[in-house]
$ cat target-v6.txt   # compact mmCIF, C-alpha atoms
# COMPACT_ATOMS: atom_id res chain seq x y z
CA MET A 877 -1.88 -9.18 0.01
CA LEU A 878 -3.23 -6.83 2.68
CA VAL A 879 -3.18 -8.30 6.19
CA GLU A 880 -4.85 -6.57 9.12
CA ASN A 881 -3.76 -7.21 12.68
CA ILE A 882 -4.72 -5.56 15.95
CA THR A 883 -2.60 -2.43 15.46
CA ALA A 884 -1.89 -2.07 11.75
CA GLU A 885 -2.43 -3.10 8.15
CA LEU A 886 0.47 -4.86 6.48
CA ARG A 887 1.03 -5.11 2.74
CA ILE A 888 2.74 -8.46 2.12
CA THR A 889 4.28 -8.88 -1.33
CA ASP A 890 6.86 -11.63 -0.84
CA PRO A 891 5.39 -14.79 -2.43
CA ASP A 892 6.70 -17.04 0.36
CA GLN A 893 5.15 -14.86 3.06
CA VAL A 894 1.88 -14.59 1.14
CA GLY A 895 1.82 -18.39 1.05
CA ILE A 896 2.31 -18.56 4.82
CA TYR A 897 -0.60 -16.17 5.44
CA ARG A 898 -2.83 -18.10 3.03
CA LYS A 899 -2.05 -21.41 4.78
CA LEU A 900 -2.74 -19.84 8.16
CA THR A 901 -6.03 -18.40 6.94
CA ASP A 902 -7.07 -21.77 5.51
CA ARG A 903 -6.29 -23.45 8.84
CA LEU A 904 -8.28 -20.88 10.80
CA TRP A 905 -11.31 -21.22 8.49
CA SER A 906 -11.14 -25.01 8.77
CA VAL A 907 -11.91 -24.76 12.50
CA ALA A 908 -14.11 -21.65 12.45
CA ALA A 909 -17.73 -21.74 13.52
CA GLU A 910 -20.36 -19.88 11.49
CA GLY A 911 -24.08 -19.29 11.58
CA ASP A 912 -26.11 -21.31 14.09
CA GLU A 913 -23.02 -23.09 15.40
CA ALA A 914 -21.30 -19.79 16.18
CA ARG A 915 -24.44 -18.40 17.82
CA ALA A 916 -24.69 -21.48 20.04
CA ILE A 917 -21.06 -21.10 21.13
CA LEU A 918 -21.59 -17.42 21.94
CA ALA A 919 -24.80 -18.18 23.84
CA ARG A 920 -23.00 -20.80 25.97
CA ALA A 921 -20.20 -18.34 26.68
CA ALA A 922 -22.69 -15.64 27.64
CA ARG A 923 -24.41 -18.00 30.11
CA THR A 924 -21.07 -19.07 31.57
CA PHE A 925 -19.74 -15.56 32.14
CA ARG A 926 -22.85 -13.87 33.52

$ encode --input "target-v6.txt" --output "structure tokens"
Amino acid sequence: MLVENITAELRITDPDQVGIYRKLTDRLWSVAAEGDEARAILARAARTFR
């Protein structure tokens, strides 16, 4: 599995660590906003931080 972070790309091959990254990714996607919902959040943020 290739994992990108802020400063590097990491190649993770240990099955236990791959499982940890997959669980984390699933958790992040479960709370992620997409499409119109994401645009609305960004628009609110833009108005707040003008």

$ atom_distance --input "target-v6.txt" --atom1 "atom CA of Leu886 of chain A" --atom2 "atom CA of Lys899 of chain A"
16.8 Å

$ closest_residue --input "target-v6.txt" --among "A:Val879, A:Ala922, A:Ile917, A:Ile888" --to "Thr901 of chain A" --atoms "all atoms listed in the file"
A:Val879

$ atom_distance --input "target-v6.txt" --atom1 "atom CA of Val907 of chain A" --atom2 "atom CA of Asp892 of chain A"
23.5 Å

$ atom_distance --input "target-v6.txt" --atom1 "atom CA of Arg920 of chain A" --atom2 "atom CA of Leu900 of chain A"
27.0 Å

$ closest_residue --input "target-v6.txt" --among "A:Ala908, A:Ile882, A:Met877, A:Ala914" --to "Ile896 of chain A" --atoms "all atoms listed in the file"
A:Met877

$ build_atoms --input "target-v6.txt" --residues "segment 879-909 of chain A" --atoms "N, CA and C atoms" --output "short mmCIF file (atom, residue, chain, number, x, y, z; two decimals), in the coordinates of the input"
data_model
loop_
_atom_site.label_atom_id
_atom_site.label_comp_id
_atom_site.auth_asym_id
_atom_site.auth_seq_id
_atom_site.Cartn_x
_atom_site.Cartn_y
_atom_site.Cartn_z
N VAL A 879 -2.90 -7.55 4.97
CA VAL A 879 -3.18 -8.30 6.19
C VAL A 879 -3.44 -7.30 7.30
N GLU A 880 -4.55 -7.44 7.99
CA GLU A 880 -4.85 -6.57 9.12
C GLU A 880 -4.57 -7.33 10.41
N ASN A 881 -3.91 -6.64 11.34
CA ASN A 881 -3.76 -7.21 12.68
C ASN A 881 -4.35 -6.22 13.67
N ILE A 882 -4.08 -6.39 14.93
CA ILE A 882 -4.72 -5.56 15.95
C ILE A 882 -4.33 -4.10 15.82
N THR A 883 -3.08 -3.81 15.44
CA THR A 883 -2.60 -2.43 15.46
C THR A 883 -2.28 -1.83 14.10
N ALA A 884 -2.33 -2.62 13.04
CA ALA A 884 -1.89 -2.07 11.75
C ALA A 884 -2.39 -2.91 10.58
N GLU A 885 -2.23 -2.36 9.39
CA GLU A 885 -2.43 -3.10 8.15
C GLU A 885 -1.06 -3.32 7.54
N LEU A 886 -0.81 -4.52 7.07
CA LEU A 886 0.47 -4.86 6.48
C LEU A 886 0.27 -5.24 5.02
N ARG A 887 1.08 -4.70 4.14
CA ARG A 887 1.03 -5.11 2.74
C ARG A 887 2.16 -6.12 2.54
N ILE A 888 1.79 -7.37 2.29
CA ILE A 888 2.74 -8.46 2.12
C ILE A 888 2.86 -8.74 0.62
N THR A 889 4.08 -8.66 0.10
CA THR A 889 4.28 -8.88 -1.33
C THR A 889 5.20 -10.05 -1.62
N ASP A 890 5.96 -10.49 -0.63
CA ASP A 890 6.86 -11.63 -0.84
C ASP A 890 6.04 -12.90 -1.04
N PRO A 891 6.21 -13.59 -2.15
CA PRO A 891 5.39 -14.79 -2.43
C PRO A 891 5.45 -15.85 -1.32
N ASP A 892 6.60 -16.04 -0.72
CA ASP A 892 6.70 -17.04 0.36
C ASP A 892 5.87 -16.62 1.57
N GLN A 893 5.93 -15.34 1.92
CA GLN A 893 5.15 -14.86 3.06
C GLN A 893 3.66 -14.86 2.76
N VAL A 894 3.29 -14.52 1.53
CA VAL A 894 1.88 -14.59 1.14
C VAL A 894 1.39 -16.02 1.31
N GLY A 895 2.19 -16.98 0.90
CA GLY A 895 1.82 -18.39 1.05
C GLY A 895 1.61 -18.78 2.50
N ILE A 896 2.46 -18.27 3.38
CA ILE A 896 2.31 -18.56 4.82
C ILE A 896 0.99 -18.01 5.34
N TYR A 897 0.66 -16.77 4.99
CA TYR A 897 -0.60 -16.17 5.44
C TYR A 897 -1.80 -16.92 4.87
N ARG A 898 -1.71 -17.35 3.63
CA ARG A 898 -2.83 -18.10 3.03
C ARG A 898 -3.03 -19.44 3.74
N LYS A 899 -1.93 -20.14 4.05
CA LYS A 899 -2.05 -21.41 4.78
C LYS A 899 -2.66 -21.19 6.16
N LEU A 900 -2.20 -20.14 6.84
CA LEU A 900 -2.74 -19.84 8.16
C LEU A 900 -4.23 -19.54 8.09
N THR A 901 -4.62 -18.73 7.11
CA THR A 901 -6.03 -18.40 6.94
C THR A 901 -6.86 -19.65 6.65
N ASP A 902 -6.36 -20.52 5.80
CA ASP A 902 -7.07 -21.77 5.51
C ASP A 902 -7.24 -22.61 6.77
N ARG A 903 -6.19 -22.69 7.60
CA ARG A 903 -6.29 -23.45 8.84
C ARG A 903 -7.32 -22.85 9.79
N LEU A 904 -7.31 -21.53 9.91
CA LEU A 904 -8.28 -20.88 10.80
C LEU A 904 -9.71 -21.12 10.31
N TRP A 905 -9.96 -20.98 9.01
CA TRP A 905 -11.31 -21.22 8.49
C TRP A 905 -11.74 -22.67 8.65
N SER A 906 -10.77 -23.60 8.65
CA SER A 906 -11.14 -25.01 8.77
C SER A 906 -11.70 -25.34 10.16
N VAL A 907 -11.40 -24.51 11.15
CA VAL A 907 -11.91 -24.76 12.50
C VAL A 907 -12.89 -23.68 12.97
N ALA A 908 -13.21 -22.75 12.09
CA ALA A 908 -14.11 -21.65 12.45
C ALA A 908 -15.55 -22.13 12.55
N ALA A 909 -16.30 -21.48 13.41
CA ALA A 909 -17.73 -21.74 13.52
C ALA A 909 -18.47 -20.58 12.86
#
